[in-house]
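Shown next, in structure tokens, is the structure this report addresses.
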Amino acid sequence: MLFNTQQTLKQIVTLASKELERADLFFGHGTDNSWDEACWLVETLVQRSGIDQINAEMALEEVVLNELQKLLIRRTKEKIPLAYLLNEAWFAGLPFYVDDQVIIPRSPIAELIKNRFKPLIADEPKRILDLCCGSGCIGLASAFEFPGAKIVLADLSTEALTVAAINKEKHGLNSRCTLQQSDLFTDLKGPFDLIVSNPPYVGEAEYMTLPYEYKHEPTMALVSERNGLEIPVGILRQAADYLTEDGILILEVGNSWQALADLYPKAPFLWLEFENGGEGILSLSYKQLREYGF
Ligand SMILES: C[S@@+](CC[C@H](N)C(=O)[O-])C[C@H]1O[C@@H](n2cnc3c(N)ncnc32)[C@H](O)[C@@H]1O
């Protein structure tokens with residue numbers, strides 16, 4: 001056992017961080033380094049044991065240390081992302097329940113939400129669609145920024161919708177948010193003022209190169225055929241039919257952005273920039289979608 005009740009919290013976090021560092025892990029599902037991940041793990045377990053006031057010199061109870069040791073072993077040996085082990089991920093400053101039926105929320109779209117999509121949208125959206133919603137993080141976080149809006153959370157996966165339902169309930173958003181199972185737009189009814197989508201966009205070849213942590217996430221949440229572009233292009237082709245005339249589409253395509261730009265060299269994509277990092281997110285208005293005619 002790595003930990004004991006004589007150690008201070010600071011010593012425990014340092015030991016946990018070194019253990020994570022030694023294990024050749026990938027960090028990118030909620031943190032980007034071993035120290036932050038160790039802090040997240042220890043703090044969560046301490047809080048879950050009923051202690052609110054945390055300080056660097058405090059000792060931890062044996063029951064907390066046993067749980068810490070157990071989760072650390074699973075994280076380092078099985079390379080399970082910490083968010084799945086804790087069943088919790090943070091997005092746009094909010095906690096979301098997660099398990100391996102959804103990807104772990106990490107989209108740079110969180111920054112757009114916190115900025116209320118300024119300056120991309122002028123008026124408060126009345127209807128927002130989170131297409132390919134997974135845990136529901138994008139749509140539910142948007143609901144907090146736009147208290148007058150109705151939100152539709154759509155996904156093809158029944159399992160993902162089960163997780164989105166848990167989060168809708170957790171955040172008390174049942175009256176304004178509805179869930180819809182749909183293969184892209186097939187079972188949806190527009191129009192929406194804002195469509196936000198973080199769909200699968202990883203090509204099969206790129207998927208094979210991803211760190212092992214990604215293999216714990218649902219493949220259908222990550223991989224899209226035609227080099228990652230099949231689903232994003234499907235969305236571009238149909239989005240205008242589901243937008244109001246002043247409506248906006250925000251679409252994430254990640255590393256596939258260059259391939260998409262090459263496929264449509266004359267398309268008026270607006271590639272957004274992020275203070276907190278991230279790329280491959282575009283914006284198009286209803287008018288641009290219609291004029292270009294995807
Ligand atoms: C990259 S995940 C995004 C989840 C969430 N929006 C987020 O940012 O964390 C993509 C989601 O698209 C869903 N999906 C895959 N194919 C789909 C399709 N044809 N129609 C609707 N949803 C689909 C997956 O089930 C998965 O939940």
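So you can find residues: chains in the structure tokens are A, B, ... in the order shown, residues in each start at 1, and ligands are numbered from 1 in order.
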Discussion item. Can you pull out every residue with an atom within 9 Å of ligand 1? Use only C-alpha atoms and all ligand atoms and format it as an MDAnalysis selection string.
Written reply: chainID A and resid 91 101:110 130:139 154:161 181:186 196:202 218:224 231 234 252
Practice prompt. Using DSSP on the backbone coordinates, identify the residues of region 21-160 of chain A assigned to alpha helix (DSSP H); present them as a ChimeraX atom specification.
Written response: /A:21-22,34-48,62-78,82-86,109-114,137-145,158-160
Practice prompt. Find the residues near region 19-36 of chain A: any atom within 7 Å, counting only C-alpha atoms, skip ones fewer than 3 places away on the same chain, and give them as a ChimeraX atom specification.
Written response: /A:15-16,39-40,76,79,81,89,104,106,211,213
Restricting it to C-alpha atoms, dump the selection as a PDB file, in the first residue's frame.
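The result, stored in again_34.pdb:
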```
ATOM      1  CA  LEU A  15       2.822  10.206  -4.326  1.00  0.00           C
ATOM      2  CA  ALA A  16      -0.291   9.708  -6.473  1.00  0.00           C
ATOM      3  CA  CYS A  39      -5.477  16.597  -7.196  1.00  0.00           C
ATOM      4  CA  TRP A  40      -8.790  15.855  -8.922  1.00  0.00           C
ATOM      5  CA  THR A  76      -2.543   3.015 -14.245  1.00  0.00           C
ATOM      6  CA  LYS A  79      -5.650   3.058 -18.480  1.00  0.00           C
ATOM      7  CA  PRO A  81      -9.764   7.700 -17.954  1.00  0.00           C
ATOM      8  CA  ALA A  89     -16.544  15.163 -15.729  1.00  0.00           C
ATOM      9  CA  ILE A 104     -15.828  12.366 -21.741  1.00  0.00           C
ATOM     10  CA  ARG A 106     -13.836  18.100 -23.420  1.00  0.00           C
ATOM     11  CA  PRO A 211      -3.772   6.458 -27.026  1.00  0.00           C
ATOM     12  CA  GLU A 213      -7.523   5.747 -23.063  1.00  0.00           C
TER      13      GLU A 213
END
```
Practice prompt. Mind the document's chain letters and residue numbers, and return as a list in words the residues of region 67-148 of chain A that DSSP labels strand (DSSP E or B).
Written response: Ala89, Trp90, Phe91, Leu94, Pro95, Phe96, Arg127, Ile128, Leu129, Asp130 and Leu131 of chain A
Keeping only C-alpha atoms, write the selected residues to a file as a tab-separated table (two decimals), in the first residue's frame.
```
chain	number	residue	atom	x	y	z
A	89	ALA	CA	-16.54	15.16	-15.73
A	90	TRP	CA	-16.54	18.95	-15.62
A	91	PHE	CA	-17.64	20.99	-18.63
A	94	LEU	CA	-20.60	22.24	-14.46
A	95	PRO	CA	-20.37	18.63	-13.26
A	96	PHE	CA	-21.77	15.91	-15.51
A	127	ARG	CA	-34.69	26.81	-29.64
A	128	ILE	CA	-31.27	25.15	-29.48
A	129	LEU	CA	-30.36	21.74	-30.87
A	130	ASP	CA	-27.44	19.77	-29.43
A	131	LEU	CA	-26.96	17.24	-32.21
```
Worksheet entry | Nearest to Ala83 (chain A) by atom-to-atom distance, counting only C-alpha atoms, from A:Leu249, A:Leu60, A:Ile113, A:Leu41 |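 Smallest distance to Ala83 (chain A) is found for A:Leu41.
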Worksheet item: Which of these residues is nearest to Ile121 (chain A), using only C-alpha atoms: A:Leu229, A:Leu263, A:Ile248, A:Ala141?
Response: A:Ile248
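Of note, CA of Ile73 (chain A) and CA of Met208 (chain A) are spaced 25.1 Å apart.
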Worksheet entry | Long-range neighbours of Ser175 (chain A) as a list in words, 12 Å cut-off, only C-alpha atoms, 2 positions minimum in chain |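 The filter keeps Leu140, Ala143, Pro147, Gly148, Ala149, Lys150, Ile151, Val152, Lys168, Glu169, His171, Gly172, Leu173, Cys177, Thr178 and Leu179 of chain A.
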Item to complete: Can you work out the spacing between CA of Leu86 (chain A) and CA of Thr209 (chain A) in Å, to one decimal?
Response: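 Those two atoms sit 26.0 Å apart.
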Item to complete: One decimal, Å: what's the distance from CA of Ala205 (chain A) over to CA of Asn227 (chain A), could you say?
Response: 7.6 Å
Worksheet item: Within 10 Å of Leu236 (chain A), counting only C-alpha atoms, which residues qualify if same-chain residues fewer than 5 places away don't, as number ranges by chain?
Response: A: 231, 249, 251, 284, 289, 293-294
Worksheet item: Which is closer to Leu272 (chain A) than all the others in A:Gly50, A:Pro119, A:Gly93, A:Gly203, using only C-alpha atoms?
Response: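 Nearest to Leu272 (chain A): A:Pro119.
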Fill in: Nearest-residue call for Val63 (chain A), choices A:Val163, A:Ile51, A:Leu9, A:Leu45, using only C-alpha atoms
A:Leu45
